[in-house]
Amino acid sequence: MESIPEDWTLFFEFLTVTGLRISEAFGLRWEQLRLGETLRVEVREQFYRGKRRKLKSGAARRDIPWTVGSPPD
């Protein structure tokens with residue numbers, strides 16, 4: 001990730017681990033991040049053309065397990 005500015009590294013690592021599209025990541029709300037014993041991200045909306053909107057299909061609405069590992073050296 002040497003070509004990514006340091007300020008954006010964590011964001012792109014989050015995209016990589018979760019598989020979210022950028023529009024879905026920008027559409028997340030705090031209440032959609034489940035940080036209890038089982039970590040997961042609830043994908044319900046996206047940010048498109050400057051507006052928050054529901055996903056196109058029911059299949060796009062999903063819960064993604066989020067495994068947090070140790071940071072790379």
# chains A, B, ... in the order shown; residues from 1 in each chain; ligands from 1
$ select_by_dssp --residues "stretch 5-61 of chain A" --states "strand (DSSP E or B)" --output "list in words"
Leu33, Arg34, Arg40, Val41, Glu42, Val43, Glu45, Gln46, Phe47, Tyr48, Lys51, Arg52, Arg53 and Lys54 of chain A
$ residues_around --residues "A:Lys51" --least-positions-apart "5" --cutoff "12 Å" --atoms "only C-alpha atoms" --output "list in words"
Ser23, Glu24, Phe26, Gly27, Glu45 and Gln46 of chain A
$ select_by_dssp --residues "chain A" --states "alpha helix (DSSP H)" --output "list in words"
Thr9, Leu10, Phe11, Phe12, Glu13, Phe14, Leu15, Thr16, Val17, Thr18, Ile22, Ser23, Glu24, Ala25 and Phe26 of chain A
$ residues_around --residues "A:Arg21" --least-positions-apart "6" --cutoff "12 Å" --atoms "only C-alpha atoms" --output "list in words"
Phe11, Phe12, Phe14, Leu15, Gly27, Leu28, Val43, Glu45, Gln46, Phe47, Tyr48, Leu55 and Ala60 of chain A
$ residues_around --residues "stretch 34-38 of chain A" --least-positions-apart "4" --cutoff "9 Å" --atoms "only C-alpha atoms" --output "NGL selection string"
:A and (30 or 42 or 65-67)
$ atom_distance --atom1 "atom CA of A:Gln32" --atom2 "atom CA of A:Arg44"
8.0 Å
$ atom_distance --atom1 "atom CA of A:Val17" --atom2 "atom CA of A:Arg29"
17.9 Å
